[in-house]
file data_36.cif (mmCIF, C-alpha atoms)
data_input
loop_
_atom_site.label_atom_id
_atom_site.label_comp_id
_atom_site.auth_asym_id
_atom_site.auth_seq_id
_atom_site.Cartn_x
_atom_site.Cartn_y
_atom_site.Cartn_z
CA MET A 129 -58.62 -9.86 -15.17
CA ALA A 130 -59.93 -9.46 -11.63
CA SER A 131 -57.55 -12.13 -10.32
CA ALA A 132 -54.50 -10.25 -11.70
CA ALA A 133 -55.61 -7.03 -10.00
CA ALA A 134 -56.36 -8.92 -6.78
CA GLY A 135 -52.70 -9.94 -6.65
CA TYR A 136 -51.76 -6.30 -6.14
CA LEU A 137 -54.17 -5.79 -3.25
CA PRO A 138 -51.64 -6.74 -0.50
CA ILE A 139 -49.08 -4.35 -1.99
CA LEU A 140 -51.61 -1.53 -2.14
CA LEU A 141 -52.73 -2.27 1.40
CA PHE A 142 -49.10 -2.21 2.58
CA LEU A 143 -48.53 1.13 0.83
CA ALA A 144 -51.68 2.59 2.38
CA VAL A 145 -50.61 1.51 5.87
CA ALA A 146 -47.07 2.82 5.32
CA LEU A 147 -48.31 6.19 4.08
CA SER A 148 -50.79 6.55 6.90
CA LEU A 149 -48.15 5.71 9.51
CA SER A 150 -45.63 8.08 7.99
CA LEU A 151 -48.20 10.85 7.91
CA SER A 152 -49.23 10.20 11.49
CA PHE A 153 -45.66 10.11 12.81
CA VAL A 154 -44.19 12.93 10.70
CA VAL A 155 -46.80 15.38 9.51
CA LEU A 156 -49.22 15.17 12.42
CA PRO A 157 -46.67 16.19 15.13
CA MET A 158 -45.52 19.08 12.96
CA MET A 159 -49.10 20.31 12.54
CA VAL A 160 -49.83 19.90 16.25
CA SER A 161 -46.70 21.87 17.19
CA LYS A 162 -47.71 24.67 14.84
CA LEU A 163 -51.23 24.79 16.27
CA THR A 164 -50.23 24.60 19.94
CA GLY A 165 -47.38 27.08 19.71
CA ALA A 166 -44.67 24.57 20.62
CA ASN A 167 -42.85 25.64 17.47
CA ASN A 168 -41.06 28.68 18.92
CA PRO A 169 -37.70 29.14 17.19
CA TYR A 170 -35.36 31.67 18.77
CA PRO A 171 -31.64 32.32 18.17
CA ASP A 172 -30.37 30.08 20.95
CA LYS A 173 -32.53 27.18 19.79
CA LEU A 174 -31.41 27.59 16.18
CA ALA A 175 -27.70 28.02 16.98
CA GLU A 176 -25.29 25.34 15.84
CA TYR A 177 -23.55 23.47 18.58
CA GLU A 178 -20.88 20.85 18.77
CA CYS A 179 -20.00 19.18 22.04
CA GLY A 180 -21.62 21.96 24.03
CA PHE A 181 -19.72 24.89 22.54
CA PRO A 182 -20.10 26.90 19.33
CA ALA A 183 -18.32 25.72 16.21
CA PHE A 184 -14.98 27.44 15.76
CA GLU A 185 -14.31 26.51 12.13
CA ASP A 186 -16.10 26.47 8.83
CA SER A 187 -18.47 23.53 8.52
CA ARG A 188 -16.86 22.59 5.22
CA ALA A 189 -13.39 22.13 6.73
CA GLN A 190 -11.64 18.92 5.84
CA PHE A 191 -11.09 16.26 8.45
CA ASP A 192 -7.75 14.66 9.04
CA VAL A 193 -7.39 11.40 7.14
CA ARG A 194 -6.63 9.58 10.40
CA PHE A 195 -10.23 10.16 11.46
CA TYR A 196 -11.39 8.16 8.46
CA LEU A 197 -8.82 5.43 9.04
CA VAL A 198 -9.91 4.96 12.63
CA SER A 199 -13.56 4.90 11.61
CA ILE A 200 -12.90 2.29 8.93
CA LEU A 201 -10.96 0.19 11.43
CA PHE A 202 -13.84 0.48 13.89
CA ILE A 203 -16.30 -0.71 11.26
CA VAL A 204 -14.05 -3.63 10.30
CA PHE A 205 -13.63 -4.82 13.87
CA ASP A 206 -17.28 -4.22 14.64
CA LEU A 207 -18.15 -6.50 11.74
CA GLU A 208 -15.67 -9.02 13.05
CA ALA A 209 -17.58 -9.17 16.32
CA ALA A 210 -20.84 -9.44 14.39
CA PHE A 211 -19.45 -12.45 12.49
CA LEU A 212 -17.92 -14.14 15.53
CA PHE A 213 -21.13 -14.57 17.54
CA PRO A 214 -23.13 -16.52 14.90
CA TRP A 215 -20.01 -18.48 14.02
CA ALA A 216 -19.50 -19.51 17.66
CA VAL A 217 -23.13 -20.57 17.97
CA SER A 218 -23.08 -22.68 14.80
CA LEU A 219 -19.56 -24.09 15.18
CA GLY A 220 -20.83 -27.60 15.90
CA ALA A 221 -22.84 -27.65 12.68
CA ILE A 222 -20.25 -26.16 10.32
CA GLY A 223 -17.37 -28.34 11.46
CA LEU A 224 -13.70 -28.09 10.62
CA VAL A 225 -14.21 -26.19 7.36
CA GLY A 226 -16.11 -23.44 9.17
CA TRP A 227 -13.48 -23.27 11.89
CA ALA A 228 -10.65 -23.04 9.33
CA SER A 229 -12.42 -20.33 7.32
CA MET A 230 -12.96 -18.24 10.47
CA MET A 231 -9.32 -18.67 11.46
CA LEU A 232 -8.31 -17.44 8.00
CA PHE A 233 -10.67 -14.48 8.44
CA LEU A 234 -9.16 -13.67 11.84
CA VAL A 235 -5.62 -13.93 10.48
CA GLU A 236 -6.49 -11.51 7.68
CA LEU A 237 -8.00 -9.05 10.17
CA THR A 238 -4.97 -9.37 12.44
CA LEU A 239 -2.62 -8.66 9.53
CA GLY A 240 -4.68 -5.61 8.61
CA PHE A 241 -4.61 -4.39 12.20
CA VAL A 242 -0.82 -4.86 12.44
CA TYR A 243 -0.39 -3.03 9.12
CA ALA A 244 -2.51 -0.10 10.31
CA TRP A 245 -0.64 -0.04 13.61
CA LYS A 246 2.77 -0.01 11.89
CA LYS A 247 1.65 2.77 9.53
CA GLY A 248 0.65 4.88 12.55
CA ALA A 249 -3.06 5.05 11.74
CA LEU A 250 -3.95 4.61 15.41
CA GLU A 251 -1.71 7.35 16.78
CA TRP A 252 -2.99 10.83 17.54
CA GLU A 253 -0.76 13.84 18.00
#
call {"tool": "encode", "arguments": {"input": "data_36.cif", "output": "structure tokens"}}
result
Amino acid sequence: MASAAAGYLPILLFLAVALSLSLSFVVLPMMVSKLTGANNPYPDKLAEYECGFPAFEDSRAQFDVRFYLVSILFIVFDLEAAFLFPWAVSLGAIGLVGWASMMLFLVELTLGFVYAWKKGALEWE
């Protein structure tokens, strides 16, 4: 019975360290700021800001769909770059099959980029 409970000791130790670190990095600075008076909210500090000027619309306003399309394209091409570096490093080990699969991947991304370009997803008015 003691050996089964001893198996959980590393997990409990990990949880204790995680809780103590989270308390020391989150709760402790909040308590210190309350005690030292650094917590001094005033209207200018609590005001919303966006790019250095006050918001001029409701915060629940809908964004244009082109914003989402550009962000999705950014994520796709960012992932492409993330896949290209390890592929280039291991190209000697993966051989012709790895090269062909990456070329297929790049062709698919190029077709998607051309499609988005033709649909006008990259144009702003």
call {"tool": "atom_distance", "arguments": {"input": "data_36.cif", "atom1": "CA of Tyr243 in chain A", "atom2": "CA of Pro214 in chain A"}}
result
27.1 Å
call {"tool": "closest_residue", "arguments": {"input": "data_36.cif", "among": "A:Leu197, A:Ala132, A:Ala210, A:Met231", "to": "Ala244 in chain A", "atoms": "all atoms listed in the file"}}
result
A:Leu197
call {"tool": "atom_distance", "arguments": {"input": "data_36.cif", "atom1": "CA of Asn167 in chain A", "atom2": "CA of Leu147 in chain A"}}
result
24.2 Å
call {"tool": "closest_residue", "arguments": {"input": "data_36.cif", "among": "A:Ser131, A:Gly240, A:Trp215, A:Leu137", "to": "Ala228 in chain A", "atoms": "only C-alpha atoms"}}
result
A:Trp215
call {"tool": "closest_residue", "arguments": {"input": "data_36.cif", "among": "A:Trp252, A:Tyr170, A:Trp245, A:Phe233", "to": "Glu208 in chain A", "atoms": "all atoms listed in the file"}}
result
A:Phe233
call {"tool": "atom_distance", "arguments": {"input": "data_36.cif", "atom1": "CA of Leu201 in chain A", "atom2": "CA of Gly223 in chain A"}}
result
29.2 Å
call {"tool": "residues_around", "arguments": {"input": "data_36.cif", "residues": "Phe241 in chain A", "least_positions_apart": "3", "cutoff": "12 Å", "atoms": "only C-alpha atoms", "output": "list in words"}}
result
Leu197, Val198, Ile200, Leu201, Phe202, Val204, Phe205, Leu234, Val235, Glu236, Leu237, Thr238, Ala244, Trp245, Lys246, Lys247, Gly248, Ala249 and Leu250 of chain A
call {"tool": "write_last_selection", "arguments": {"input": "data_36.cif", "atoms": "C-alpha atoms", "output": "CSV table (one decimal), in the coordinates of the input"}}
result
chain,number,residue,atom,x,y,z
A,197,LEU,CA,-8.8,5.4,9.0
A,198,VAL,CA,-9.9,5.0,12.6
A,200,ILE,CA,-12.9,2.3,8.9
A,201,LEU,CA,-11.0,0.2,11.4
A,202,PHE,CA,-13.8,0.5,13.9
A,204,VAL,CA,-14.0,-3.6,10.3
A,205,PHE,CA,-13.6,-4.8,13.9
A,234,LEU,CA,-9.2,-13.7,11.8
A,235,VAL,CA,-5.6,-13.9,10.5
A,236,GLU,CA,-6.5,-11.5,7.7
A,237,LEU,CA,-8.0,-9.0,10.2
A,238,THR,CA,-5.0,-9.4,12.4
A,244,ALA,CA,-2.5,-0.1,10.3
A,245,TRP,CA,-0.6,0.0,13.6
A,246,LYS,CA,2.8,0.0,11.9
A,247,LYS,CA,1.6,2.8,9.5
A,248,GLY,CA,0.6,4.9,12.6
A,249,ALA,CA,-3.1,5.0,11.7
A,250,LEU,CA,-4.0,4.6,15.4
call {"tool": "build_atoms", "arguments": {"input": "data_36.cif", "residues": "range 217-229 of chain A", "atoms": "N, CA and C atoms", "output": "mmCIF file, keeping the file's coordinate frame"}}
result
data_model
loop_
_atom_site.group_PDB
_atom_site.id
_atom_site.type_symbol
_atom_site.label_atom_id
_atom_site.label_comp_id
_atom_site.auth_asym_id
_atom_site.auth_seq_id
_atom_site.Cartn_x
_atom_site.Cartn_y
_atom_site.Cartn_z
ATOM 1 N N VAL A 217 -21.904 -19.830 17.688
ATOM 2 C CA VAL A 217 -23.130 -20.570 17.970
ATOM 3 C C VAL A 217 -23.271 -21.775 17.045
ATOM 4 N N SER A 218 -22.884 -21.601 15.778
ATOM 5 C CA SER A 218 -23.080 -22.680 14.800
ATOM 6 C C SER A 218 -21.812 -23.487 14.561
ATOM 7 N N LEU A 219 -20.831 -23.397 15.407
ATOM 8 C CA LEU A 219 -19.560 -24.090 15.180
ATOM 9 C C LEU A 219 -19.734 -25.601 15.125
ATOM 10 N N GLY A 220 -20.610 -26.147 15.933
ATOM 11 C CA GLY A 220 -20.830 -27.600 15.900
ATOM 12 C C GLY A 220 -21.397 -28.076 14.586
ATOM 13 N N ALA A 221 -22.199 -27.249 13.936
ATOM 14 C CA ALA A 221 -22.840 -27.650 12.680
ATOM 15 C C ALA A 221 -21.937 -27.446 11.467
ATOM 16 N N ILE A 222 -21.054 -26.445 11.510
ATOM 17 C CA ILE A 222 -20.250 -26.160 10.320
ATOM 18 C C ILE A 222 -18.938 -26.928 10.299
ATOM 19 N N GLY A 223 -18.510 -27.440 11.414
ATOM 20 C CA GLY A 223 -17.370 -28.340 11.460
ATOM 21 C C GLY A 223 -16.025 -27.684 11.241
ATOM 22 N N LEU A 224 -15.086 -28.505 10.772
ATOM 23 C CA LEU A 224 -13.700 -28.090 10.620
ATOM 24 C C LEU A 224 -13.534 -27.052 9.513
ATOM 25 N N VAL A 225 -14.321 -27.151 8.460
ATOM 26 C CA VAL A 225 -14.210 -26.190 7.360
ATOM 27 C C VAL A 225 -14.625 -24.794 7.844
ATOM 28 N N GLY A 226 -15.679 -24.711 8.626
ATOM 29 C CA GLY A 226 -16.110 -23.440 9.170
ATOM 30 C C GLY A 226 -15.103 -22.864 10.145
ATOM 31 N N TRP A 227 -14.506 -23.732 10.955
ATOM 32 C CA TRP A 227 -13.480 -23.270 11.890
ATOM 33 C C TRP A 227 -12.270 -22.731 11.130
ATOM 34 N N ALA A 228 -11.822 -23.455 10.104
ATOM 35 C CA ALA A 228 -10.650 -23.040 9.330
ATOM 36 C C ALA A 228 -10.921 -21.728 8.585
ATOM 37 N N SER A 229 -12.117 -21.574 8.038
ATOM 38 C CA SER A 229 -12.420 -20.330 7.320
ATOM 39 C C SER A 229 -12.457 -19.144 8.284
#
